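Enquirer: What follows is a single structure, and I will ask about it in a moment.
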Amino acid sequence: MLIKQISVFVENKYGKLVQITDILAQNNINILAISIADTTDFGILRLIVNDPQKAEKVLRDAQVTVKCTDVICISVPDVPGALHKALKVITEAGISIEYVYGFFGKAKKRDHIVLRVDQPDKAIAELKANDIEVLTCEDVYC
Amino acid sequence: MGLAWDYKHEFMSRDELHALQSERLVKLVDRVYRNVPYYRAKMQEKGLLPGDIKSIDDLDKLPFTTKQDLRETYPFGLFAVSMEDVVRTHASSGTTGKQTVVGYTYNDIQLWAELMARCLTMAGATKKSTIQVAYGYGLFTGGLGVHYGAERIGANTVPASSGNTLRQITMLKDFGATHLCCTPSYALYIAECLEEQGIDVKDLPLQAGIFGAEPWTEQMRKEIEARLDIKAYDIYGLSEIIGPGVAMECECQKGMHIMEDHFVPEIINPDTGEVLPGNTQGELVFTTLTKEAFPLIRYRTRDISVLHYEQCGCGRTSVRMEKPCGRSDDMLIIRGVNVFPSQIESVLLEMSNTAPHYLLVVDRINNLDTLEILVEMDEKMFSDEVKNVEKYGEMIRNRIESVLGLNAKITLVEPKTIQRSEGKAKRVIDKRKLS
């Protein structure tokens, strides 16, 4: 019930980000979601793409520091309080959230939320128990 | 008192040694003045005549010899004998510019064998031992230097040379080496291969290793000792002086005994040339007292070390040198602290187990020296979480602080962004010198 996220180490410098998007574009990889955590010196670019395995390979071949991580992806309706409901479930179960970002899932035509938590298995069980849809790879990559 | 090869010279009193060194120095100076025009010119420049050197106490009157002098006299300009008396030539790789060429007479080769015999005996080798010499044979002095010493003590000498690790392992097993001689990094590689092959080191007769020819740390020594189940000895040498056998650790392993009856060491301030007392860090300088073909007077090794004159627990009277901690040509002084790129390299090596790529950037901001260390991000240490990546930088910072006593800014950079160069890598940008 986890999906693959590609994380990339990028120096916080002029022209660095475009080098990464260039590699992905040239290899015909579609970016579904993007989020950047930035510090003064560097950033971590997090991507959900249509072909994570290929993305990891082409980036590594280009000598980019890359890592593939399992993250939770949920689907929520586009109404006020939908995200809040999901986060409340997780928090009340005593689970910490490392980061979160959202994107529009075109297959489901619903909002998708990517979650990185410290106890993923427990989080998935809690979300499901509260009727929140947890997505699989097939639901997301297309 | 442990085993020794040459009791007379290794245990002679300091007074006897002083007399022997003085006698030999006077003869040496006379010989080079007569036979080597380059030395004669350098002495004349200082207004010195051979008669001005009456004992070893006059050593500091003599001019230094540097790597630059060797380059200017390439290849044979500093040889002090006729070429027909030279029986061997070795050369060092010379990462910058010309190779360093050194020559040996028959007597020099005999002396070298004697000194290596002392070294090997210090590591417990006897005529009953089998010594696998896995230093490279050839122009490099390591292989042949150790080889002649091993034969001199009557050990079964296996001239394995370096490389072909699987064959090294077969020989270790089948020929039953008790002593292994190679570089410390190669020893670790052999240990890894033994583990991969599922060979238990306890089944091998290996007792000790004699490792040198490159910088290594105490931590590496512990690792080699644990993984090969042996005692690891440090040996020091450089081709200019003779090759391996200039200094060697005894069983006390508290610094390396310098073969002082043949090589006189001094420690100097690398900036001023001033001779420093014992227990003080500085650049190591050697004078070869007895070498015939290629004698060197006050040769600046560029190695930074400390000399200890207190008598060693083993009973040997010779001075001991510490493992060199760096080279004076790349020493930096940052906020009054001596910093060697090799120290930073060993911290990074410890943390990632791979050859680190790094660059030191030194600057002066508001009259305060700053040190920034650019380190290429290692995929093994990379994480999707900022706090983990920051933790990696913090770990490096803390280690550097505890090793150097210096606060450095660690900047993680993308792989392959630090420039690679053939041979000696550019490790330092000192912006202070530009202004």
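Naming works like this for the structure tokens: A, B, ... for the chains as they're shown, residue 1 at the start of each chain, ligands 1 onward in shown order.
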For A:Lys85, list every protein, DNA or RNA residue within 12 Å, evaluated using only C-alpha atoms, and leave out those in the same chain fewer than 3 positions away; present the list as a list in words.

Expert: Ile74, Ser75, Val76, Pro77, Val79, Pro80, Gly81, Ala82, Lys88, Val89, Ile90, Thr91, Glu92, Glu126, Leu127, Asn130, Asp131 and Ile132 of chain A

Enquirer: Filtering to C-alpha atoms, could you give me those residues as a CSV table (one decimal), in the first residue's frame?

Expert:
chain,number,residue,atom,x,y,z
A,74,ILE,CA,-4.1,8.8,0.1
A,75,SER,CA,-7.0,10.1,-2.0
A,76,VAL,CA,-9.3,12.8,-0.4
A,77,PRO,CA,-12.3,14.7,-1.7
A,79,VAL,CA,-13.9,19.8,0.2
A,80,PRO,CA,-12.9,21.8,3.3
A,81,GLY,CA,-11.6,19.6,6.2
A,82,ALA,CA,-10.7,16.6,4.1
A,88,LYS,CA,-6.2,14.0,12.8
A,89,VAL,CA,-6.5,10.2,12.4
A,90,ILE,CA,-2.7,9.9,12.1
A,91,THR,CA,-1.9,12.3,14.9
A,92,GLU,CA,-4.4,10.8,17.3
A,126,GLU,CA,-5.6,3.7,11.0
A,127,LEU,CA,-6.4,5.5,7.7
A,130,ASN,CA,-11.4,5.5,9.2
A,131,ASP,CA,-12.5,5.0,5.6
A,132,ILE,CA,-9.8,7.0,4.0

Enquirer: Which parts of chain A does DSSP call strand (DSSP E or B) when run on the backbone here, written out as a PyMOL selection string?

Expert: chain A and resi 2-11+31-38+42-49+66-76+97-105+110-117+133-134

Enquirer: Please, could you write that set of residues out with C-alpha atoms as a short mmCIF file (atom, residue, chain, number, x, y, z; two decimals), in the first residue's frame?

Expert:
data_model
loop_
_atom_site.label_atom_id
_atom_site.label_comp_id
_atom_site.auth_asym_id
_atom_site.auth_seq_id
_atom_site.Cartn_x
_atom_site.Cartn_y
_atom_site.Cartn_z
CA LEU A 2 3.01 2.25 -0.36
CA ILE A 3 4.07 4.11 -3.45
CA LYS A 4 7.56 5.04 -4.66
CA GLN A 5 8.93 8.52 -4.30
CA ILE A 6 12.18 9.67 -5.91
CA SER A 7 14.31 11.97 -3.74
CA VAL A 8 17.18 13.92 -5.26
CA PHE A 9 20.00 15.87 -3.61
CA VAL A 10 20.26 19.32 -5.21
CA GLU A 11 22.64 22.10 -4.25
CA ILE A 31 6.31 14.26 -13.16
CA LEU A 32 3.02 13.78 -11.30
CA ALA A 33 3.95 15.63 -8.13
CA ILE A 34 6.86 17.72 -6.93
CA SER A 35 7.94 19.13 -3.60
CA ILE A 36 11.19 20.67 -2.44
CA ALA A 37 12.53 20.91 1.09
CA ASP A 38 15.17 23.61 0.97
CA PHE A 42 20.96 22.35 -0.40
CA GLY A 43 17.48 21.10 -1.16
CA ILE A 44 15.85 17.72 -1.35
CA LEU A 45 13.68 17.40 -4.38
CA ARG A 46 10.87 14.86 -3.96
CA LEU A 47 9.07 13.54 -6.97
CA ILE A 48 6.23 11.21 -7.80
CA VAL A 49 6.76 10.13 -11.41
CA VAL A 66 19.13 9.81 -5.75
CA LYS A 67 17.11 7.63 -3.44
CA CYS A 68 13.84 5.78 -3.86
CA THR A 69 11.64 5.85 -0.76
CA ASP A 70 8.29 4.28 0.12
CA VAL A 71 5.62 6.83 1.00
CA ILE A 72 1.90 6.70 1.71
CA CYS A 73 -0.47 8.25 -0.80
CA ILE A 74 -4.12 8.85 0.05
CA SER A 75 -7.05 10.14 -1.95
CA VAL A 76 -9.31 12.80 -0.42
CA ILE A 97 4.53 13.23 10.19
CA GLU A 98 7.87 14.00 8.57
CA TYR A 99 6.46 15.82 5.55
CA VAL A 100 3.35 16.09 3.43
CA TYR A 101 2.44 17.46 0.02
CA GLY A 102 -0.50 17.24 -2.35
CA PHE A 103 -1.27 16.93 -6.05
CA PHE A 104 -4.23 16.38 -8.29
CA GLY A 105 -4.57 12.74 -9.34
CA ARG A 110 -9.39 13.52 -6.85
CA ASP A 111 -6.88 15.23 -4.62
CA HIS A 112 -3.93 13.03 -3.62
CA ILE A 113 -1.85 13.57 -0.52
CA VAL A 114 1.66 12.14 -0.08
CA LEU A 115 2.58 11.39 3.53
CA ARG A 116 5.91 10.42 5.08
CA VAL A 117 5.40 9.19 8.64
CA GLU A 133 -8.68 5.63 0.69
CA VAL A 134 -5.02 4.55 0.59
#

Enquirer: Show me, as a PyMOL selection string, every residue of chain B with an atom at most 8 Å from chain A, counting only C-alpha atoms.

Expert: chain B and resi 377-379+382-386+411-416

Enquirer: Write the residues you've just listed into a file as a PDB file, in the first residue's frame, and include N, CA and C atoms for each of them.

Expert:
ATOM      1  N   MET B 377      28.250  14.673  -1.518  1.00  0.00           N
ATOM      2  CA  MET B 377      27.208  13.860  -0.888  1.00  0.00           C
ATOM      3  C   MET B 377      27.391  12.404  -1.312  1.00  0.00           C
ATOM      4  N   ASP B 378      27.359  11.542  -0.310  1.00  0.00           N
ATOM      5  CA  ASP B 378      27.547  10.119  -0.550  1.00  0.00           C
ATOM      6  C   ASP B 378      26.159   9.470  -0.578  1.00  0.00           C
ATOM      7  N   GLU B 379      25.872   8.711  -1.611  1.00  0.00           N
ATOM      8  CA  GLU B 379      24.527   8.148  -1.738  1.00  0.00           C
ATOM      9  C   GLU B 379      24.114   7.325  -0.517  1.00  0.00           C
ATOM     10  N   PHE B 382      22.677   9.617   1.961  1.00  0.00           N
ATOM     11  CA  PHE B 382      21.586  10.488   1.533  1.00  0.00           C
ATOM     12  C   PHE B 382      20.243   9.949   2.027  1.00  0.00           C
ATOM     13  N   SER B 383      19.331  10.871   2.309  1.00  0.00           N
ATOM     14  CA  SER B 383      18.017  10.495   2.800  1.00  0.00           C
ATOM     15  C   SER B 383      16.994  11.442   2.193  1.00  0.00           C
ATOM     16  N   ASP B 384      15.722  11.036   2.178  1.00  0.00           N
ATOM     17  CA  ASP B 384      14.675  11.936   1.699  1.00  0.00           C
ATOM     18  C   ASP B 384      14.314  12.960   2.759  1.00  0.00           C
ATOM     19  N   GLU B 385      14.864  12.795   3.974  1.00  0.00           N
ATOM     20  CA  GLU B 385      14.525  13.716   5.061  1.00  0.00           C
ATOM     21  C   GLU B 385      15.670  14.691   5.327  1.00  0.00           C
ATOM     22  N   VAL B 386      15.324  15.971   5.373  1.00  0.00           N
ATOM     23  CA  VAL B 386      16.315  17.015   5.589  1.00  0.00           C
ATOM     24  C   VAL B 386      17.102  16.779   6.874  1.00  0.00           C
ATOM     25  N   THR B 411      29.815  21.972   3.929  1.00  0.00           N
ATOM     26  CA  THR B 411      28.853  22.173   2.849  1.00  0.00           C
ATOM     27  C   THR B 411      28.811  20.913   2.000  1.00  0.00           C
ATOM     28  N   LEU B 412      27.614  20.333   1.946  1.00  0.00           N
ATOM     29  CA  LEU B 412      27.462  19.129   1.138  1.00  0.00           C
ATOM     30  C   LEU B 412      27.197  19.531  -0.297  1.00  0.00           C
ATOM     31  N   VAL B 413      27.952  18.935  -1.219  1.00  0.00           N
ATOM     32  CA  VAL B 413      27.777  19.277  -2.624  1.00  0.00           C
ATOM     33  C   VAL B 413      27.441  18.024  -3.424  1.00  0.00           C
ATOM     34  N   GLU B 414      27.002  18.239  -4.644  1.00  0.00           N
ATOM     35  CA  GLU B 414      26.611  17.112  -5.483  1.00  0.00           C
ATOM     36  C   GLU B 414      27.843  16.322  -5.917  1.00  0.00           C
ATOM     37  N   PRO B 415      27.657  15.020  -6.167  1.00  0.00           N
ATOM     38  CA  PRO B 415      28.774  14.188  -6.619  1.00  0.00           C
ATOM     39  C   PRO B 415      29.401  14.749  -7.891  1.00  0.00           C
ATOM     40  N   LYS B 416      30.695  14.516  -8.022  1.00  0.00           N
ATOM     41  CA  LYS B 416      31.477  14.888  -9.216  1.00  0.00           C
ATOM     42  C   LYS B 416      31.564  16.389  -9.438  1.00  0.00           C
TER      43      LYS B 416
END

Enquirer: What's the separation between atom CA of B:Glu401 and atom CA of B:Leu349, in Å to one decimal place?

Expert: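 Between atom CA of B:Glu401 and atom CA of B:Leu349 the gap works out to 15.7 Å.
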
Enquirer: Excluding stretch 225-235 of chain B and any residue of its chain fewer than 6 positions from it, enumerate the residues within 10 Å of it, using only C-alpha atoms, and give them as a VMD selection string.

Expert: chain B and resid 116 119 to 120 122 to 124 178 to 181 183 to 184 187 to 188 190 to 192 194 to 195 200 to 202 204 to 214 216 219 244 to 251 253 255 to 258 323

Enquirer: Please return, as a count of residues only, all residues of chain A that DSSP assigns to helix (DSSP H, G or I) on the basis of the backbone.

Expert: 46

Enquirer: Expressed in Å to a single decimal, how great is the separation between atom CA of B:Phe11 and atom CA of B:Asn107?

Expert: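 Going from atom CA of B:Phe11 over to atom CA of B:Asn107, I get 22.9 Å.
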
Enquirer: Find the residue from A:Met1, A:Asp121, A:Lys13, A:Lys128 that sits nearest to A:Val140; use only C-alpha atoms when measuring.

Expert: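 Counting only C-alpha atoms, the residue closest to A:Val140 is A:Met1.
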
Enquirer: Looking at only C-alpha atoms, which of B:Ala134, B:Val339, B:Ala293, B:Leu139 is the one that sits closest to B:Gln168?

Expert: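 Among the listed residues, the smallest separation from B:Gln168 belongs to B:Ala134.
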
Enquirer: Please provide the set of residues having any atom within 9 Å of B:Phe175, restricted to only C-alpha atoms, with same-chain residues fewer than 4 positions apart removed, written as a list in words.

Expert: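 The residues that qualify are Thr130, Gln132, Val158, Thr170 and Met171 of chain B.
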
Enquirer: Could you turn the residues from that selection into a file that holds C-alpha atoms, as a short mmCIF file (atom, residue, chain, number, x, y, z; two decimals), in the first residue's frame?

Expert:
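Wrote result-v5.cif, looks like this:
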data_model
loop_
_atom_site.label_atom_id
_atom_site.label_comp_id
_atom_site.auth_asym_id
_atom_site.auth_seq_id
_atom_site.Cartn_x
_atom_site.Cartn_y
_atom_site.Cartn_z
CA THR B 130 58.34 -16.97 5.80
CA GLN B 132 55.61 -12.57 1.81
CA VAL B 158 58.32 -14.90 -1.18
CA THR B 170 46.67 -18.78 -2.12
CA MET B 171 50.31 -18.11 -1.29
#

Enquirer: Distance atom CA of A:Asp51-atom CA of A:Asn27, one decimal place?

Expert: 10.4 Å

Enquirer: List as a ChimeraX atom specification the protein and nucleic acid residues near B:Ile241, meaning an atom at most 10 Å away when only C-alpha atoms are counted, but skip any in the same chain fewer than 5 places from it.

Expert: /B:102,246,262-263,286-288,291,294-297,299,301

Enquirer: Output C-alpha atoms for every residue in that selection, as a PDB file, in the first residue's frame.

Expert:
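Result written to result_11.pdb:
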ATOM      1  CA  VAL B 102      68.394   7.423  -6.640  1.00  0.00           C
ATOM      2  CA  VAL B 246      64.907   4.317   7.608  1.00  0.00           C
ATOM      3  CA  HIS B 262      73.319   5.889   9.370  1.00  0.00           C
ATOM      4  CA  PHE B 263      70.617   8.544   9.150  1.00  0.00           C
ATOM      5  CA  PHE B 286      67.598  13.566   7.234  1.00  0.00           C
ATOM      6  CA  THR B 287      71.315  13.405   6.582  1.00  0.00           C
ATOM      7  CA  THR B 288      72.614  10.091   5.255  1.00  0.00           C
ATOM      8  CA  LYS B 291      75.521   6.083   1.766  1.00  0.00           C
ATOM      9  CA  PHE B 294      73.539   9.094  -3.376  1.00  0.00           C
ATOM     10  CA  PRO B 295      74.324  10.795  -0.090  1.00  0.00           C
ATOM     11  CA  LEU B 296      71.968  13.524   1.035  1.00  0.00           C
ATOM     12  CA  ILE B 297      72.769  16.364   3.374  1.00  0.00           C
ATOM     13  CA  TYR B 299      67.286  16.583   3.065  1.00  0.00           C
ATOM     14  CA  THR B 301      61.389  15.278   3.605  1.00  0.00           C
TER      15      THR B 301
END

Enquirer: Would you list the contacts of B:Leu359 as a list in words, taking every protein, DNA or RNA residue within 8 Å and counting only C-alpha atoms, but skipping same-chain residues closer than 3 positions in sequence?

Expert: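 With the cut-off at 8 Å, the set is Ile373, Leu374, Val375, Ile418, Lys426, Arg427, Val428 and Ile429 of chain B.
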